[in-house]
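Have a look at run-v7.txt below; it lists compact mmCIF, C-alpha atoms and all ligand atoms.
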# COMPACT_ATOMS: atom_id res chain seq x y z
CA MET O 121 95.03 63.55 39.57
CA LYS O 122 93.81 66.07 42.14
CA LEU O 123 94.03 66.12 45.92
CA LEU O 124 92.49 68.69 48.23
CA ILE O 125 93.70 69.37 51.78
CA LYS O 126 90.94 71.16 53.67
CA ASN O 127 90.74 73.12 56.92
CA GLY O 128 94.39 72.77 57.98
CA THR O 129 96.74 75.36 59.44
CA LEU O 130 99.50 76.00 56.91
CA VAL O 131 103.01 76.68 58.16
CA LEU O 132 104.50 79.30 55.88
CA LYS O 133 107.95 80.92 55.91
CA ASN O 134 106.85 83.76 58.19
CA GLY O 135 103.93 82.40 60.12
CA GLU O 136 100.81 80.26 60.12
CA LYS O 137 97.56 80.64 58.22
CA LYS O 138 94.36 78.62 57.93
CA ALA O 139 93.80 77.71 54.29
CA ASP O 140 92.97 74.93 51.85
CA VAL O 141 95.53 73.52 49.43
CA LEU O 142 94.71 72.10 46.02
CA ILE O 143 97.18 69.75 44.36
CA GLU O 144 97.10 68.75 40.72
CA ASN O 145 99.61 66.61 38.83
CA GLY O 146 102.11 66.69 41.67
CA LYS O 147 102.12 70.47 42.11
CA ILE O 148 100.43 72.92 44.47
CA VAL O 149 98.06 74.75 42.13
CA LYS O 150 96.01 76.81 44.58
CA ILE O 151 96.11 78.01 48.19
CA ALA O 152 92.98 79.84 49.34
CA ASP O 153 90.67 80.33 52.33
CA CYS O 154 88.08 77.95 50.96
CA ILE O 155 88.46 75.66 47.97
CA ASN O 156 85.71 73.29 46.86
CA GLU O 157 86.57 70.62 44.32
CA ASP O 158 85.08 67.28 43.49
CA CYS O 159 88.20 65.21 44.15
CA ARG O 160 89.91 63.17 46.85
CA THR O 161 89.90 65.33 49.99
CA LEU O 162 91.88 65.08 53.23
CA ASP O 163 90.29 66.76 56.23
CA ALA O 164 93.10 68.51 58.08
CA SER O 165 90.88 70.13 60.73
CA GLY O 166 92.93 70.63 63.88
CA LYS O 167 96.10 69.62 62.05
CA HIS O 168 99.12 71.51 60.71
CA VAL O 169 100.15 71.35 57.07
CA LEU O 170 103.94 71.59 56.71
CA PRO O 171 106.28 71.78 53.75
CA GLY O 172 107.57 68.20 53.35
CA LEU O 173 110.49 67.62 55.72
CA ILE O 174 113.91 67.34 54.09
CA ASP O 175 116.79 65.54 55.80
CA MET O 176 120.08 66.35 54.12
CA HIS O 177 122.07 63.85 56.19
CA VAL O 178 121.04 60.21 56.54
CA HIS O 179 122.70 56.81 56.20
CA LEU O 180 120.58 54.28 54.30
CA ARG O 181 123.30 51.58 54.25
CA GLU O 182 122.44 50.14 50.83
CA PRO O 183 124.46 48.86 49.01
CA GLY O 184 126.41 46.63 51.34
CA TYR O 185 125.05 46.93 54.86
CA GLU O 186 121.44 45.87 54.33
CA GLY O 187 121.45 44.15 57.73
CA LYS O 188 121.43 47.62 59.28
CA GLU O 189 119.03 49.30 56.83
CA ASP O 190 118.17 49.23 53.15
CA ILE O 191 116.61 51.71 50.78
CA GLU O 192 113.15 50.22 51.26
CA SER O 193 113.19 50.15 55.09
CA GLY O 194 114.93 53.54 55.20
CA SER O 195 112.30 55.02 52.89
CA LYS O 196 109.44 53.58 54.94
CA ALA O 197 111.00 55.03 58.08
CA SER O 198 111.55 58.39 56.35
CA VAL O 199 107.94 58.87 55.29
CA ALA O 200 106.75 57.67 58.71
CA GLY O 201 108.95 60.42 60.16
CA GLY O 202 107.34 62.99 57.87
CA PHE O 203 110.24 63.24 55.42
CA THR O 204 109.49 63.67 51.74
CA GLN O 205 113.14 63.92 50.75
CA VAL O 206 116.41 62.63 52.20
CA CYS O 207 120.07 62.80 51.14
CA CYS O 208 122.10 59.67 51.80
CA MET O 209 125.75 59.59 52.74
CA PRO O 210 128.23 57.54 50.70
CA ASN O 211 129.72 55.28 53.40
CA THR O 212 128.20 52.16 51.88
CA ASN O 213 129.93 49.06 50.50
CA PRO O 214 130.96 49.68 47.78
CA VAL O 215 131.41 53.32 48.68
CA CYS O 216 129.28 55.70 46.62
CA ASP O 217 132.31 57.21 44.87
CA ASN O 218 131.27 56.71 41.24
CA ALA O 219 128.34 57.19 38.88
CA VAL O 220 127.34 53.51 38.97
CA VAL O 221 126.52 53.53 42.69
CA VAL O 222 124.74 56.89 42.39
CA THR O 223 122.65 55.46 39.54
CA TYR O 224 121.94 52.31 41.55
CA ILE O 225 120.61 54.32 44.50
CA LYS O 226 118.40 56.44 42.22
CA HIS O 227 117.15 53.26 40.57
CA ARG O 228 116.26 51.69 43.93
CA GLN O 229 114.51 54.89 44.93
CA GLY O 230 112.38 54.57 41.80
CA GLU O 231 111.52 50.96 42.63
CA VAL O 232 110.61 51.70 46.25
CA ALA O 233 108.82 54.94 45.23
CA LEU O 234 108.21 56.43 48.67
CA CYS O 235 110.35 59.49 49.50
CA LYS O 236 112.83 61.17 47.18
CA ILE O 237 116.38 60.00 47.76
CA ASN O 238 119.29 62.18 46.75
CA PRO O 239 122.66 60.42 46.80
CA ILE O 240 125.70 62.22 48.18
CA GLY O 241 128.90 61.16 46.47
CA ALA O 242 132.20 60.54 48.23
CA ILE O 243 134.90 63.20 48.14
CA THR O 244 137.69 60.65 47.80
CA ARG O 245 137.87 57.20 46.24
CA GLY O 246 136.81 54.59 48.74
CA GLN O 247 136.65 57.42 51.29
CA GLU O 248 140.34 56.75 51.76
CA GLY O 249 141.33 60.40 51.68
CA LYS O 250 143.95 59.93 48.99
CA ALA O 251 142.58 60.48 45.48
CA MET O 252 139.54 62.41 44.38
CA ALA O 253 136.38 60.51 43.42
CA GLU O 254 134.60 60.94 40.04
CA ILE O 255 132.84 64.11 41.09
CA GLY O 256 131.64 65.28 37.66
CA LYS O 257 130.30 61.88 36.68
CA MET O 258 128.52 61.51 40.02
CA LYS O 259 126.90 64.92 39.56
CA ALA O 260 125.74 63.91 36.06
CA ALA O 261 124.22 60.73 37.56
CA GLY O 262 122.28 62.69 40.19
CA ALA O 263 124.54 63.29 43.22
CA VAL O 264 123.51 66.47 45.04
CA ALA O 265 126.68 67.05 47.10
CA ILE O 266 129.93 65.37 48.09
CA SER O 267 131.09 64.22 51.50
CA ASP O 268 133.39 61.63 53.07
CA ASP O 269 130.98 61.49 56.03
CA GLY O 270 131.92 58.97 58.65
CA LYS O 271 135.44 60.27 58.12
CA SER O 272 137.19 63.60 57.64
CA VAL O 273 139.45 64.33 54.71
CA ALA O 274 142.71 64.55 56.66
CA ASP O 275 144.84 65.95 53.83
CA SER O 276 144.10 69.68 53.55
CA ASN O 277 145.35 69.89 49.98
CA ILE O 278 143.02 67.11 48.84
CA MET O 279 140.19 68.94 50.58
CA ARG O 280 141.15 72.14 48.78
CA LEU O 281 141.22 70.44 45.39
CA ALA O 282 137.92 68.69 46.06
CA MET O 283 136.24 71.95 47.07
CA GLU O 284 137.47 73.68 43.91
CA TYR O 285 136.60 70.79 41.64
CA ALA O 286 133.14 70.24 43.17
CA HIS O 287 132.41 73.96 43.01
CA GLY O 288 133.08 73.83 39.28
CA PHE O 289 130.24 71.31 39.04
CA GLY O 290 127.97 73.31 41.33
CA LEU O 291 128.27 70.84 44.22
CA LYS O 292 129.00 71.63 47.86
CA CYS O 293 131.26 69.73 50.23
CA LEU O 294 129.52 68.56 53.38
CA CYS O 295 132.25 68.30 56.00
CA HIS O 296 132.38 65.67 58.73
CA CYS O 297 134.83 67.46 61.01
CA GLU O 298 137.15 65.21 63.00
CA ASP O 299 140.92 65.26 63.44
CA ILE O 300 141.34 61.51 63.65
CA ASN O 301 144.81 61.64 65.23
CA LEU O 302 143.52 63.84 68.01
CA VAL O 303 140.47 61.63 68.54
CA ASP O 304 142.97 58.81 69.13
CA GLY O 305 140.32 56.16 69.73
CA GLY O 306 138.08 58.30 71.93
CA VAL O 307 134.47 57.13 72.13
CA VAL O 308 132.81 59.87 74.21
CA ASN O 309 133.39 63.54 74.97
CA GLU O 310 136.55 64.13 77.00
CA GLY O 311 135.53 65.63 80.33
CA TYR O 312 134.24 64.82 83.81
CA ASN O 313 132.02 61.97 82.61
CA SER O 314 134.74 60.29 80.56
CA THR O 315 136.92 60.29 83.69
CA LEU O 316 134.05 59.03 85.84
CA THR O 317 133.18 56.16 83.51
CA GLY O 318 136.70 55.34 82.38
CA LEU O 319 135.57 55.60 78.76
CA LYS O 320 138.17 57.15 76.50
CA GLY O 321 137.41 60.78 75.72
CA SER O 322 137.76 62.88 72.60
CA LEU O 323 138.44 66.61 72.86
CA ARG O 324 136.20 69.29 71.40
CA ALA O 325 139.34 70.47 69.64
CA ALA O 326 139.29 67.33 67.47
CA GLU O 327 136.08 68.66 65.91
CA ASP O 328 136.86 72.37 66.12
CA ILE O 329 140.22 72.13 64.33
CA MET O 330 138.55 70.65 61.28
CA ILE O 331 135.63 73.10 61.39
CA ALA O 332 138.19 75.92 61.46
CA ARG O 333 140.23 74.35 58.67
CA ASP O 334 137.27 73.87 56.35
CA ILE O 335 136.09 77.41 57.03
CA ALA O 336 139.63 78.69 56.34
CA LEU O 337 139.60 76.87 52.99
CA SER O 338 136.16 78.22 52.17
CA GLU O 339 137.23 81.75 53.04
CA SER O 340 140.53 81.62 51.16
CA LEU O 341 138.95 80.09 48.06
CA ASP O 342 135.63 81.95 48.32
CA ILE O 343 133.78 78.66 47.88
CA PRO O 344 130.73 77.74 49.99
CA VAL O 345 131.11 74.94 52.51
CA HIS O 346 128.68 73.10 54.79
CA ILE O 347 129.64 71.83 58.26
CA CYS O 348 127.97 68.58 59.37
CA HIS O 349 126.57 67.72 62.82
CA VAL O 350 128.03 70.52 64.98
CA SER O 351 128.31 69.36 68.60
CA THR O 352 130.62 71.82 70.40
CA TYR O 353 130.00 75.29 71.85
CA SER O 354 133.33 76.35 70.40
CA GLY O 355 132.38 75.07 66.93
CA VAL O 356 129.21 77.17 67.06
CA GLU O 357 131.36 80.19 67.90
CA ILE O 358 133.80 79.54 65.03
CA ILE O 359 130.89 79.32 62.56
CA ARG O 360 129.15 82.38 64.03
CA SER O 361 132.22 84.57 63.67
CA ALA O 362 132.92 83.27 60.14
CA LYS O 363 129.34 84.10 59.11
CA LYS O 364 129.79 87.60 60.55
CA ARG O 365 132.79 88.11 58.25
CA GLY O 366 130.74 86.99 55.27
CA VAL O 367 132.23 83.50 54.82
CA LYS O 368 129.85 81.31 52.80
CA VAL O 369 129.48 78.68 55.48
CA THR O 370 126.30 76.86 56.44
CA ALA O 371 125.92 74.31 59.22
CA GLU O 372 123.67 71.64 60.67
CA THR O 373 123.12 70.02 64.03
CA CYS O 374 121.02 67.05 65.22
CA PRO O 375 118.36 66.52 67.90
CA HIS O 376 120.76 64.58 70.15
CA TYR O 377 123.08 67.60 70.40
CA PHE O 378 120.37 70.05 71.50
CA ILE O 379 118.47 67.61 73.75
CA LEU O 380 121.09 65.47 75.49
CA ASN O 381 124.28 66.06 77.42
CA ASP O 382 127.01 63.58 78.29
CA ASP O 383 125.46 62.62 81.65
CA ILE O 384 123.70 59.95 79.57
CA ILE O 385 126.94 58.02 79.04
CA THR O 386 127.04 57.05 82.72
CA SER O 387 124.35 54.49 81.81
CA PHE O 388 126.90 52.77 79.53
CA ASP O 389 124.00 52.35 77.11
CA THR O 390 125.64 51.97 73.70
CA ASN O 391 122.68 53.75 72.10
CA THR O 392 124.26 56.94 73.46
CA LYS O 393 127.42 56.36 71.40
CA VAL O 394 127.58 58.67 68.41
CA ASN O 395 130.21 60.52 66.44
CA PRO O 396 130.79 63.35 67.18
CA PRO O 397 129.91 62.52 70.78
CA VAL O 398 127.17 64.16 72.80
CA ARG O 399 129.02 66.80 74.81
CA GLU O 400 128.41 68.84 77.97
CA GLU O 401 125.51 71.03 79.07
CA LYS O 402 127.29 74.20 77.99
CA ASP O 403 127.61 72.76 74.49
CA ARG O 404 123.91 71.86 74.40
CA LYS O 405 122.98 75.39 75.47
CA ALA O 406 125.28 76.94 72.85
CA ILE O 407 123.76 74.76 70.12
CA ILE O 408 120.33 76.06 71.09
CA GLU O 409 121.66 79.63 70.88
CA GLY O 410 123.16 78.78 67.47
CA LEU O 411 119.79 77.50 66.27
CA LYS O 412 118.09 80.63 67.58
CA ASP O 413 120.42 83.19 66.01
CA GLY O 414 120.76 81.38 62.66
CA THR O 415 124.38 80.24 63.09
CA LEU O 416 123.04 76.70 62.65
CA ASP O 417 120.89 76.61 59.50
CA CYS O 418 119.53 73.07 59.55
CA ILE O 419 118.40 70.25 61.78
CA VAL O 420 119.36 66.88 60.29
CA THR O 421 119.09 63.44 61.84
CA ASP O 422 122.41 61.84 60.87
CA HIS O 423 120.12 58.76 60.87
CA ALA O 424 122.68 56.00 61.51
CA PRO O 425 120.83 52.69 61.87
CA HIS O 426 122.79 49.76 63.28
CA SER O 427 121.82 46.17 63.98
CA ALA O 428 121.45 44.85 67.53
CA LYS O 429 124.69 42.91 67.24
CA ASP O 430 126.58 46.14 66.38
CA LYS O 431 125.29 47.73 69.58
CA GLN O 432 124.93 44.87 72.09
CA VAL O 433 128.64 44.81 72.90
CA GLU O 434 130.91 46.68 75.31
CA TYR O 435 130.80 50.46 74.85
CA ASN O 436 134.28 50.59 73.31
CA PHE O 437 133.36 48.10 70.60
CA ALA O 438 129.86 49.38 69.77
CA ALA O 439 129.16 51.15 66.47
CA PHE O 440 128.71 54.94 66.52
CA GLY O 441 125.31 56.27 65.55
CA MET O 442 121.63 56.72 66.34
CA SER O 443 118.52 55.77 64.37
CA GLY O 444 116.84 59.16 64.19
CA ILE O 445 114.57 59.62 61.22
CA GLU O 446 111.35 58.62 63.01
CA THR O 447 111.91 60.78 66.08
CA SER O 448 113.41 63.98 64.68
CA PHE O 449 110.22 65.95 64.05
CA PRO O 450 108.42 65.14 67.32
CA LEU O 451 111.61 65.64 69.37
CA SER O 452 112.43 68.94 67.66
CA TYR O 453 108.86 70.19 67.94
CA THR O 454 108.63 69.19 71.61
CA LYS O 455 112.03 70.50 72.68
CA LEU O 456 112.27 73.64 70.52
CA VAL O 457 108.78 74.85 69.64
CA LYS O 458 106.70 73.85 72.66
CA THR O 459 109.38 75.41 74.86
CA GLY O 460 109.23 78.70 72.93
CA ILE O 461 112.81 78.52 71.64
CA LEU O 462 111.77 78.55 67.97
CA SER O 463 108.47 79.26 66.22
CA LEU O 464 107.01 76.48 64.11
CA SER O 465 107.92 78.45 60.96
CA GLU O 466 111.51 78.75 62.15
CA LEU O 467 111.63 75.00 62.81
CA MET O 468 110.29 74.29 59.33
CA ASN O 469 112.92 76.53 57.80
CA LYS O 470 115.57 74.40 59.52
CA MET O 471 113.93 71.10 58.60
CA SER O 472 112.83 71.92 55.05
CA ALA O 473 113.46 75.32 53.42
CA ASN O 474 117.13 75.73 54.38
CA PRO O 475 118.27 72.22 53.39
CA ALA O 476 116.47 72.71 50.05
CA LYS O 477 118.22 76.05 49.55
CA ILE O 478 121.67 74.79 50.55
CA LEU O 479 121.55 71.84 48.15
CA GLY O 480 119.39 73.42 45.45
CA LEU O 481 116.57 70.88 45.87
CA GLU O 482 112.91 71.37 45.02
CA GLY O 483 110.38 71.84 47.80
CA GLY O 484 110.87 73.51 51.17
CA GLU O 485 107.92 75.85 50.99
CA LEU O 486 104.14 75.74 50.67
CA LYS O 487 103.35 77.99 47.73
CA LYS O 488 101.54 77.94 44.42
CA GLY O 489 103.59 76.32 41.68
CA GLU O 490 105.85 74.43 44.11
CA VAL O 491 106.11 70.64 44.06
CA ALA O 492 103.43 69.03 46.28
CA ASP O 493 105.73 67.59 48.96
CA ILE O 494 103.68 68.06 52.12
CA THR O 495 103.58 66.68 55.68
CA ILE O 496 100.43 66.82 57.81
CA VAL O 497 100.81 66.53 61.60
CA SER O 498 98.72 66.58 64.78
CA LEU O 499 100.78 68.73 67.11
CA GLY O 500 98.54 68.12 70.12
CA GLU O 501 98.97 64.38 70.06
CA LYS O 502 101.25 63.13 72.83
CA TYR O 503 102.97 59.74 72.86
CA LYS O 504 106.01 57.89 74.13
CA ILE O 505 108.85 57.03 71.79
CA ASP O 506 109.19 53.26 71.47
CA SER O 507 111.79 51.88 69.08
CA LYS O 508 109.78 48.67 68.77
CA ASN O 509 107.44 50.67 66.55
CA PHE O 510 110.22 51.96 64.25
CA LEU O 511 109.95 50.97 60.60
CA SER O 512 113.72 51.46 60.35
CA LYS O 513 115.74 48.29 60.90
CA GLY O 514 117.83 50.36 63.33
CA LYS O 515 116.25 50.36 66.78
CA ASN O 516 119.27 52.16 68.24
CA THR O 517 117.85 55.25 69.90
CA PRO O 518 118.69 56.88 73.25
CA PHE O 519 115.19 58.45 73.24
CA ASN O 520 113.12 55.39 74.18
CA GLY O 521 110.45 56.38 76.68
CA PHE O 522 110.71 60.13 75.92
CA GLU O 523 107.28 61.80 75.85
CA VAL O 524 106.81 63.81 72.72
CA TYR O 525 104.15 65.82 70.91
CA GLY O 526 103.56 65.86 67.19
CA LYS O 527 102.28 62.85 65.33
CA VAL O 528 102.79 62.56 61.59
CA ASN O 529 99.40 61.86 59.96
CA TYR O 530 100.23 62.04 56.26
CA THR O 531 103.35 62.34 54.13
CA ILE O 532 102.63 63.43 50.58
CA VAL O 533 105.28 63.22 47.85
CA ASP O 534 104.66 64.74 44.41
CA GLY O 535 100.98 64.88 45.32
CA ASP O 536 100.73 61.17 46.24
CA ILE O 537 100.00 60.02 49.78
CA LYS O 538 103.02 57.87 50.74
CA TYR O 539 102.27 57.55 54.44
CA GLY O 540 99.01 57.72 56.38
CA GLU O 541 95.50 56.22 56.19
O1 LIG W 601 127.70 58.35 64.62
C1 LIG W 601 127.96 58.30 63.44
N1 LIG W 601 127.52 57.28 62.66
N2 LIG W 601 128.75 59.24 62.93
C2 LIG W 601 129.24 59.14 61.69
O2 LIG W 601 129.95 60.02 61.28
C3 LIG W 601 128.92 57.98 60.84
C4 LIG W 601 127.68 57.34 61.24
C5 LIG W 601 127.48 55.98 60.65
O3 LIG W 601 127.66 55.84 59.43
O4 LIG W 601 127.12 55.05 61.39
ZN ZN W 602 129.54 62.40 60.21
ZN ZN W 603 126.58 60.93 59.09

Would it be possible to restate this file's structure as structure tokens?
Amino acid sequence: MKLLIKNGTLVLKNGEKKADVLIENGKIVKIADCINEDCRTLDASGKHVLPGLIDMHVHLREPGYEGKEDIESGSKASVAGGFTQVCCMPNTNPVCDNAVVVTYIKHRQGEVALCKINPIGAITRGQEGKAMAEIGKMKAAGAVAISDDGKSVADSNIMRLAMEYAHGFGLKCLCHCEDINLVDGGVVNEGYNSTLTGLKGSLRAAEDIMIARDIALSESLDIPVHICHVSTYSGVEIIRSAKKRGVKVTAETCPHYFILNDDIITSFDTNTKVNPPVREEKDRKAIIEGLKDGTLDCIVTDHAPHSAKDKQVEYNFAAFGMSGIETSFPLSYTKLVKTGILSLSELMNKMSANPAKILGLEGGELKKGEVADITIVSLGEKYKIDSKNFLSKGKNTPFNGFEVYGKVNYTIVDGDIKYGE
């Protein structure tokens, strides 16, 4: 099976280049100025050819919360968003804390056969923070990392043991950083706007303390660690200074943290409720600086679909999270590349190459011999985000009505067109 992509602009690690791409048996076999082959051909004139997007932090909700999302709807949404590969967090029901659930997710991925789905196993059994999960068995079944995302591991000694144990199996801990006692029921950032609205605030320190703790563990043990969804200016600074000392820390942020600030909560729209919360303008600016100087390695979505009934309640009772997989690329392109903050190659490194490197996944780069996971986009195409068009069951976005550039035309996984046409 061959596929030829003609006349597109390829986005490579260090720049862009016009070239044709020939795919055979799921692999990129040739990249050259002009390739002619008698096979299925996609005309990518005027379009950009990207390494398939990789999202290392999504919530697909299956098993257990299929009313919010399931592996089929989440996969359809992922390929519509340009993602060829996603990694799903374990806060399902049952929790993905054993090999059976990991195997189930991989099996469902095979049935749905759209994007690649890499399960992330829990750090602790039932994500209860008390006893370690079956890390070795989950790795053998296909887990690519461990995380108690949705919660922090409060007990520092359990976190230490998990980091050591996981490292022995070649897995990284992905840390959701939140001191739950300090959060104390807060639902938004603690500051002027929490006072104004009367919504209970949560201090930056609740996130920063755990970022600092997990970095301290990583440094003391000399074991790599990855910090999830950084939202504070001070967290960026802690990570930056740790990297300067040579600590093996990597970190991610999400579009809502570099696009929004907490003025949005004055609408009381529950689609603005997310954990960690959207913070103040100085945090947003610092996150952009962190993306620019490499302190923040990846852009993830933290795709957290919820049903209407989970969101159409008073702010205090609404679920935390945003449905983000279908808006991440156009928002990031519009807000970071069109504005000159990052080049398109730099954006692709954050949305494909770096996540692949951090988790040891295939893909991430357009080169001969690499797996043919490819996304083709029209960067000039402008449209308004409308959650009614989402394929995800979760319509919970704060970005409705935002004008964005960058339409996904095709998503190709292992050389097969999974979205487009
Ligand atoms: O906003 C969030 N939603 N933050 C989390 O940590 C969990 C996630 C979810 O699972 O809904
Ligand atoms: Zn989280
Ligand atoms: Zn998450």

Using only C-alpha atoms, determine which residues lie at most 12 Å from Asn516 in chain O, disregarding the query and same-chain residues fewer than 5 positions distant; provide the list as JSON, numbers by chain.
-> {"O": [188, 189, 389, 390, 391, 392, 393, 394, 423, 424, 425, 426, 427, 428, 429, 430, 431, 432, 438, 439, 440, 441, 442, 443, 444, 445, 446, 447, 506, 507, 508, 510]}

Enter the distance from CA of Leu319 in chain O to CA of Lys405 in chain O, in Å, rounded to one decimal.
->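 Straight-line distance from CA of Leu319 in chain O to CA of Lys405 in chain O works out to 23.7 Å.
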
For Ser463 in chain O: contacts at 10 Å, all atoms listed in the file, fewer than 6 positions along chain excluded, given as a list in words = Asn134, Gly135, Glu136, Lys412, Tyr453, Leu456, Val457 and Asn469 of chain O

Got time to write the residues from that selection, C-alpha atoms, as a PDB file, keeping the file's coordinate frame?
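Output below, filename out06.pdb:
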ATOM      1  CA  ASN O 134     106.850  83.760  58.190  1.00  0.00           C
ATOM      2  CA  GLY O 135     103.930  82.400  60.120  1.00  0.00           C
ATOM      3  CA  GLU O 136     100.810  80.260  60.120  1.00  0.00           C
ATOM      4  CA  LYS O 412     118.090  80.630  67.580  1.00  0.00           C
ATOM      5  CA  TYR O 453     108.860  70.190  67.940  1.00  0.00           C
ATOM      6  CA  LEU O 456     112.270  73.640  70.520  1.00  0.00           C
ATOM      7  CA  VAL O 457     108.780  74.850  69.640  1.00  0.00           C
ATOM      8  CA  ASN O 469     112.920  76.530  57.800  1.00  0.00           C
TER       9      ASN O 469
END

Mind checking which residues fall within 10 Å of range 489-497 of chain O, counting all atoms listed in the file, ignoring those fewer than 5 positions away in the same chain, and posting them as a PyMOL selection string?
-> chain O and resi 123+125+128-130+141-150+162+164+166-174+199+201-205+235-236+449-450+482-484+525-537+539-540

Same residues, C-alpha atoms, output as a PDB file, in the coordinates of the input:
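For reference, result-v7.pdb as written:
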ATOM      1  CA  LEU O 123      94.030  66.120  45.920  1.00  0.00           C
ATOM      2  CA  ILE O 125      93.700  69.370  51.780  1.00  0.00           C
ATOM      3  CA  GLY O 128      94.390  72.770  57.980  1.00  0.00           C
ATOM      4  CA  THR O 129      96.740  75.360  59.440  1.00  0.00           C
ATOM      5  CA  LEU O 130      99.500  76.000  56.910  1.00  0.00           C
ATOM      6  CA  VAL O 141      95.530  73.520  49.430  1.00  0.00           C
ATOM      7  CA  LEU O 142      94.710  72.100  46.020  1.00  0.00           C
ATOM      8  CA  ILE O 143      97.180  69.750  44.360  1.00  0.00           C
ATOM      9  CA  GLU O 144      97.100  68.750  40.720  1.00  0.00           C
ATOM     10  CA  ASN O 145      99.610  66.610  38.830  1.00  0.00           C
ATOM     11  CA  GLY O 146     102.110  66.690  41.670  1.00  0.00           C
ATOM     12  CA  LYS O 147     102.120  70.470  42.110  1.00  0.00           C
ATOM     13  CA  ILE O 148     100.430  72.920  44.470  1.00  0.00           C
ATOM     14  CA  VAL O 149      98.060  74.750  42.130  1.00  0.00           C
ATOM     15  CA  LYS O 150      96.010  76.810  44.580  1.00  0.00           C
ATOM     16  CA  LEU O 162      91.880  65.080  53.230  1.00  0.00           C
ATOM     17  CA  ALA O 164      93.100  68.510  58.080  1.00  0.00           C
ATOM     18  CA  GLY O 166      92.930  70.630  63.880  1.00  0.00           C
ATOM     19  CA  LYS O 167      96.100  69.620  62.050  1.00  0.00           C
ATOM     20  CA  HIS O 168      99.120  71.510  60.710  1.00  0.00           C
ATOM     21  CA  VAL O 169     100.150  71.350  57.070  1.00  0.00           C
ATOM     22  CA  LEU O 170     103.940  71.590  56.710  1.00  0.00           C
ATOM     23  CA  PRO O 171     106.280  71.780  53.750  1.00  0.00           C
ATOM     24  CA  GLY O 172     107.570  68.200  53.350  1.00  0.00           C
ATOM     25  CA  LEU O 173     110.490  67.620  55.720  1.00  0.00           C
ATOM     26  CA  ILE O 174     113.910  67.340  54.090  1.00  0.00           C
ATOM     27  CA  VAL O 199     107.940  58.870  55.290  1.00  0.00           C
ATOM     28  CA  GLY O 201     108.950  60.420  60.160  1.00  0.00           C
ATOM     29  CA  GLY O 202     107.340  62.990  57.870  1.00  0.00           C
ATOM     30  CA  PHE O 203     110.240  63.240  55.420  1.00  0.00           C
ATOM     31  CA  THR O 204     109.490  63.670  51.740  1.00  0.00           C
ATOM     32  CA  GLN O 205     113.140  63.920  50.750  1.00  0.00           C
ATOM     33  CA  CYS O 235     110.350  59.490  49.500  1.00  0.00           C
ATOM     34  CA  LYS O 236     112.830  61.170  47.180  1.00  0.00           C
ATOM     35  CA  PHE O 449     110.220  65.950  64.050  1.00  0.00           C
ATOM     36  CA  PRO O 450     108.420  65.140  67.320  1.00  0.00           C
ATOM     37  CA  GLU O 482     112.910  71.370  45.020  1.00  0.00           C
ATOM     38  CA  GLY O 483     110.380  71.840  47.800  1.00  0.00           C
ATOM     39  CA  GLY O 484     110.870  73.510  51.170  1.00  0.00           C
ATOM     40  CA  TYR O 525     104.150  65.820  70.910  1.00  0.00           C
ATOM     41  CA  GLY O 526     103.560  65.860  67.190  1.00  0.00           C
ATOM     42  CA  LYS O 527     102.280  62.850  65.330  1.00  0.00           C
ATOM     43  CA  VAL O 528     102.790  62.560  61.590  1.00  0.00           C
ATOM     44  CA  ASN O 529      99.400  61.860  59.960  1.00  0.00           C
ATOM     45  CA  TYR O 530     100.230  62.040  56.260  1.00  0.00           C
ATOM     46  CA  THR O 531     103.350  62.340  54.130  1.00  0.00           C
ATOM     47  CA  ILE O 532     102.630  63.430  50.580  1.00  0.00           C
ATOM     48  CA  VAL O 533     105.280  63.220  47.850  1.00  0.00           C
ATOM     49  CA  ASP O 534     104.660  64.740  44.410  1.00  0.00           C
ATOM     50  CA  GLY O 535     100.980  64.880  45.320  1.00  0.00           C
ATOM     51  CA  ASP O 536     100.730  61.170  46.240  1.00  0.00           C
ATOM     52  CA  ILE O 537     100.000  60.020  49.780  1.00  0.00           C
ATOM     53  CA  TYR O 539     102.270  57.550  54.440  1.00  0.00           C
ATOM     54  CA  GLY O 540      99.010  57.720  56.380  1.00  0.00           C
TER      55      GLY O 540
END

Kindly give the distance, in Å, that separates atom O3 of ligand LIG 601 (chain W) and CA of Glu298 in chain O, rounded to a single decimal.
-> 13.8 Å

Grab the CA of Asn301 in chain O to CA of Ala274 in chain O distance for me, in Å with one decimal place.
-> 9.3 Å

Residues within 12 Å of ligand ZN 602 (chain W) should be enumerated using all atoms listed in the file and returned as JSON, numbers by chain.
-> {"O": [176, 177, 178, 179, 208, 209, 210, 211, 267, 268, 269, 270, 271, 272, 273, 294, 295, 296, 297, 298, 327, 347, 348, 349, 350, 351, 372, 373, 374, 394, 395, 396, 397, 420, 421, 422, 423, 424, 440, 441, 442]}

Choose the residue, out of O:Leu411, O:Ile240, O:Ala263, O:Leu124, that has the smallest atom-to-atom separation from ligand ZN 603 (chain W); count only C-alpha atoms and all ligand atoms.
->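 Ranked by minimum distance to ligand ZN 603 (chain W), first place goes to O:Ile240.
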
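Proximity of O:Ala261, O:Met283, O:Ile358, O:Ala406 to Ala332 in chain O, computed with all atoms listed in the file, is greatest for O:Ile358.
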
7 Å contact set for Ala326 in chain O, only C-alpha atoms, chain neighbours under 4 positions out, as a PyMOL selection string | chain O and resi 298-299+302-303+322

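Among the candidates O:Asn509, O:Asn127, O:Thr212, O:Ser387, the residue lying nearest to ligand ZN 603 (chain W) is O:Thr212 (atoms considered: only C-alpha atoms and all ligand atoms).
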